[in-house]
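Trainee: One structure, pasted below without further comment.
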Amino acid sequence: MSDALKELEEILNVTLPGNLVEEVVKVEEGHFNVFSNATNAFELMKILREDAGIYHLTTISGVEKDDEFNVCYHIQHRIEDEFREVPINFTVTKIDKNKPKTPSMIDFFVAADYYEREIYDFYGVYFENHPFLQRLILPERWPDDVKPMRKEYGWEQIKEITMKIAKEALEEAKE
Amino acid sequence: MTEQYRSRFRTLTDGSDSPPGADHHIFIGPQHPWAEEPAHFIIHLKGERVVEADIRIGFNLRGIEKAMENRTWRQNTMLVPRACGICSAVHQNVYVRVVEKLAGVEDQISERARLIRMFSLEAERVHSHILWYGILAHDAGFDTMLHISWRDREIIMDIVEDFSGNRVNPALMLPGGVKRDIPKDKADKARPMLNKLIKQVEYHKKVFTEEASIRNRLENVGVLTKDDAKITTPNGPTGRGSGLPFDMRKSFPYELYDKIDWNLVCYNEGDILATTLVRIDETLESLQMCNQILDQLESTQGELLARVKPRVPEGSYMARGEAPRGEDIHYGIANGTDKPERYKIRAPSLGNIDATLKRMDGEYVADMPVILRSYDPCFSCTNRVMLINEVTGEKIIMNQDEFARKAIKAKRYNRPFF
Amino acid sequence: MKKVLVMGGEALKNHAKGPVTKHVLKQISDHPPPEDIRTIPRIIEDRCIMCGTCVKVCPSHCLEMEKDDKENGMIWLLKPQCMWCGHCQTYCPVDAIHIDRDPNLSVSLFSFNVRQDYEMLVAKGSYKGDVADKKLQELIDEGGKKIKEIEEFRGA
């Protein structure tokens with residue numbers, strides 16, 4: 001039990017089970033990083049959403065590490081009487097790089113729809129139980145197996161693919 | 001829960017996927033006379049009422065996040081404000097705070113630098129809000145208001161240009177401080193202009209609250225209740241119009257917003273008029289903050305720029321700022337070199353789409369332009385035009401000056417433009 | 001409380017006045033931009049030590065350098081690509097760079113057809129004169145070729 005976890009529990013007024021939480025780090029006054037792995041993340045988010053009453057999801061960012069993917073949910077605990085917010089970066093760790101799979105949080109946050117589809121586009125992370133995990137941002141002609149934000153694709157490679165798509169589109173338009 | 005609020009792109013080619021009860025489908029954007037911004041709206045109608053609305057985005061993916069991974073932290077300072085055409089200062093401010101926190105120099109920033117940053121942010125909020133309610137009036141068919149509000153907007157644009165050297169993108173901030181000082185003579189020149197603008201914005205407020213022709217278009221249109229707002233998570237003025245009193249400057253203060261005197265604006269009605277009044281009141285609030293900042297600048301001294309090393313130590317930090325449109329969030333991860341490992345930007349408009357789609361349910365199709373405009377979609381204009389003669393296929397490229405001269409001649413001598 | 005014709009007075013007043021946007025259509029020289037307007041950078045030759053910091057920090061990669069040592073070298077600028085951010089000025093260790101504040105320059109740069117417009121900012125020592133001129137001509141020729149390629153790609 002670290003001090004940061006205790007402080008977070010006090011603010012949220014819930015108990016976060018020790019087996020679900022990997023680590024809690026206090027970034028600054030009223031700003032926390034919470035780490036949890038892909039198997040436990042759904043359970044932990046359920047506690048945060050339903051017991052602690054966190055309803056605001058700002059965004060989700062995908063992160064590529066050396067041997068795993070991370071998905072970071074930036075959620076805000078809002079205290080309406082004090083006009084105060086406690087930002088929490090909820091990071092889902094240990095997402096396998098070969099078969100990236102993590103539970104979708106769309107049951108808790110409606111806004112997760114766009115953000116999860118964006119990460120599916122850019123990193124190819126598969127969100128389980130997402131009702132329509134389709135392409136959101138990338139163009140229609142973009143090859144399915146190219147996930148542009150991964151480190152394996154350099155700036156020049158992305159440029160090449162973009163030019164190829166543009167040329168195809170031009171040729172089609174000419175015909 | 002998601003069933004009720006979700007949005008998705010229905011395939012309409014076979015007709016089987018249209019929502020139950022819909023008999024007409026209207027497509028708006030991205031190349032459409034209504035809006036210049038790259039979004040594609042599909043509105044399913046039953047008679048004149050909206051059954052369901054969808055959106056498709058991604059027509060203008062520029063790959064800024066990927067580009068940032070290939071540039072140094074110093075270079076990115078000037079790439080990041082280009083993420084948005086009109087709220088560029090806030091993007092730069094959030095970026096700069098991420099870098100300062102990661103480099104561990106956030107205590108070394110002087111008060112004077114922070115005040116100048118705040119002036120830049122507030123001036124941006126003023127010109128963005130005035131621009132927005134001008135266009136809203138235009139969409140509601142009230143063009144007089146558009147011309148008058150945009151005429152008055154020039155006052156704040158002149159001040160920004162005088163202080164920073166640029167009209168829309170002040171680009172004053174750097175990791176460690178600011179680039180330019182606001183000297184006393186410039187501040188003295190700006191004060192009467194600000195007071196004049198305050199009078200004008202009060203007049204705009206009078207028009208929006210009293211004039212029947214605009215009020216009838218905005219009142220009780222597109223109501224977003226507080227419960228709906230909690231679920232669809234709008235941010236910024238869209239949320240504050242629906243009774244969610246959260247403004248980053250109050251709820252998680254950055255720079256010196258906790259040391260300055262200002263009031264949070266919040267309305268509970270949830271209709272388009274409430275969002276409009278939130279923005280007008282915020283404009284007034286920002287203008288009085290600008291005056292306060294100029295007063296405080298006189299008595300505050302300090303080094304403008306602290307030294308920040310080009311290599312940023314390992315770590316990650318999430319910073320948020322209150323953009324004119326809502327909350328702007330940046331998440332930066334540094335790996336010890338001079339380039340970022342990963343940098344995530346989310347601009348506020350994406351977070352407001354769900355709420356806007358919810359707003360449309362059951363509304364008249366004639367109210368669509370106003371509702372679509374309500375979340376303040378943003379676009380940028382440049383100072384040049386390209387004209388293509390449709391008959392000959394000839395292209396003429398000219399700058400603003402030439403274009404204006406040609407237009408005047410054509411008008412004066414009553415002859416064709418080409 | 002709803003009223004009609006709240007803007008009636010304003011409308012009448014504006015009928016009597018001339019057009020507000022009149023000055024926009026005049027020559028820019030009649031209404032010059034403010035003194036502190038930003039344009040492209042200039043380098044003071046005597047102070048420049050050819051360290052290359054400006055080339056490294058430039059966000060739009062519009063500055064390029066060729067050098068032998070501290071005394072011999074040149075820096076040139078691709079004018080239309082410069083976005084006038086002033087990074088080179090901020091990070092210059094010897095304060096050799098200042099931002100040109102010529103308002104006429106800010107007007108002339110606003111057009112597409114100067115894509116191959118290069119400018120030699122500084123040439124020192126043996127790079128002075130002919131070498132610099134030759135390099136500039138080469139760059140301009142190359143830029144012209146690139147434009148042609150782009151236009152072909154666009155199908156123009």
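Following the order of the structure tokens, chains are lettered A, B, ..., residues in each are numbered from 1, and ligands are numbered from 1.
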With only C-alpha atoms as the counted atoms, please give the residues lying no more than 9 Å from range 57-61 of chain A, apart from itself and same-chain residues fewer than 3 positions off, as a CSV table (one decimal) with C-alpha atoms, in the first residue's frame.

Mentor:
chain,number,residue,atom,x,y,z
A,54,ILE,CA,-16.2,9.2,-12.7
A,70,ASN,CA,-0.1,0.6,-23.6
A,71,VAL,CA,-3.4,2.3,-23.8
A,72,CYS,CA,-3.9,5.3,-21.5
A,73,TYR,CA,-7.4,6.5,-20.5
A,74,HIS,CA,-7.3,10.1,-19.4
A,75,ILE,CA,-10.3,10.4,-17.0
A,76,GLN,CA,-11.3,13.2,-14.8
A,109,PHE,CA,-18.0,6.0,-21.4
A,110,VAL,CA,-19.9,6.8,-24.6
A,111,ALA,CA,-17.0,9.0,-25.7
A,112,ALA,CA,-14.7,6.0,-25.8
A,115,TYR,CA,-11.0,7.4,-29.2
A,116,GLU,CA,-10.9,3.6,-29.3
A,118,GLU,CA,-8.8,6.0,-33.5
A,119,ILE,CA,-6.3,3.8,-31.6
B,233,THR,CA,-19.1,14.4,-22.0
B,235,ASN,CA,-16.3,20.1,-22.8
B,327,GLU,CA,-10.4,21.3,-23.0
B,328,ASP,CA,-7.3,20.7,-25.0
B,329,ILE,CA,-5.2,17.8,-23.8
B,331,TYR,CA,0.2,13.8,-23.4
B,344,LYS,CA,-0.6,12.8,-28.2
B,345,ILE,CA,-2.8,15.8,-29.0
B,346,ARG,CA,-6.6,15.9,-28.7
B,351,GLY,CA,-14.9,15.6,-27.7

Trainee: Rank nothing, just name the residue among B:Val207, B:Ile26, B:Leu121, B:Ile159 nearest to Glu10 in chain C, using only C-alpha atoms.

Mentor: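 Among the listed residues, the smallest separation from Glu10 in chain C belongs to B:Val207.
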
Trainee: Of the candidates B:Asn60, B:Thr300, B:Ser213, B:Asn220, which one gets nearest to Val6 in chain C if we count only C-alpha atoms?

Mentor: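 Looking only at the distances to Val6 in chain C, the closest residue turns out to be B:Ser213.
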
Trainee: Could you produce a table of the residues of chain A lying within 6 Å of chain B, with the nearest pair of atoms per residue and their separation in Å rounded to one decimal, using only C-alpha atoms, ordered by chain and increasing residue number, as a Markdown table?

Mentor:
| residue | atom | partner | partner_atom | distance |
| --- | --- | --- | --- | --- |
| A:His56 | CA | B:Thr233 | CA | 5.8 |
| A:Phe83 | CA | B:Ser251 | CA | 5.3 |
| A:Arg84 | CA | B:Ser251 | CA | 4.1 |
| A:Glu85 | CA | B:Ser251 | CA | 5.3 |
| A:Val110 | CA | B:Thr2 | CA | 5.8 |
| A:Ile137 | CA | B:Gly58 | CA | 4.1 |

Trainee: Report as number ranges by chain all protein, DNA and RNA residues lying within 7 Å of range 37-47 of chain B, evaluated on only C-alpha atoms, omitting residues in the same chain fewer than 4 positions from it.

Mentor: B: 21-30, 51-57, 59-60, 377-379

Trainee: Of the candidates B:Leu218, B:Val168, B:Ile130, B:Met78, which shows the shortest atom-to-atom distance to chain C, using only C-alpha atoms?

Mentor: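 Residue with the minimum atom-to-atom distance to chain C: B:Met78.
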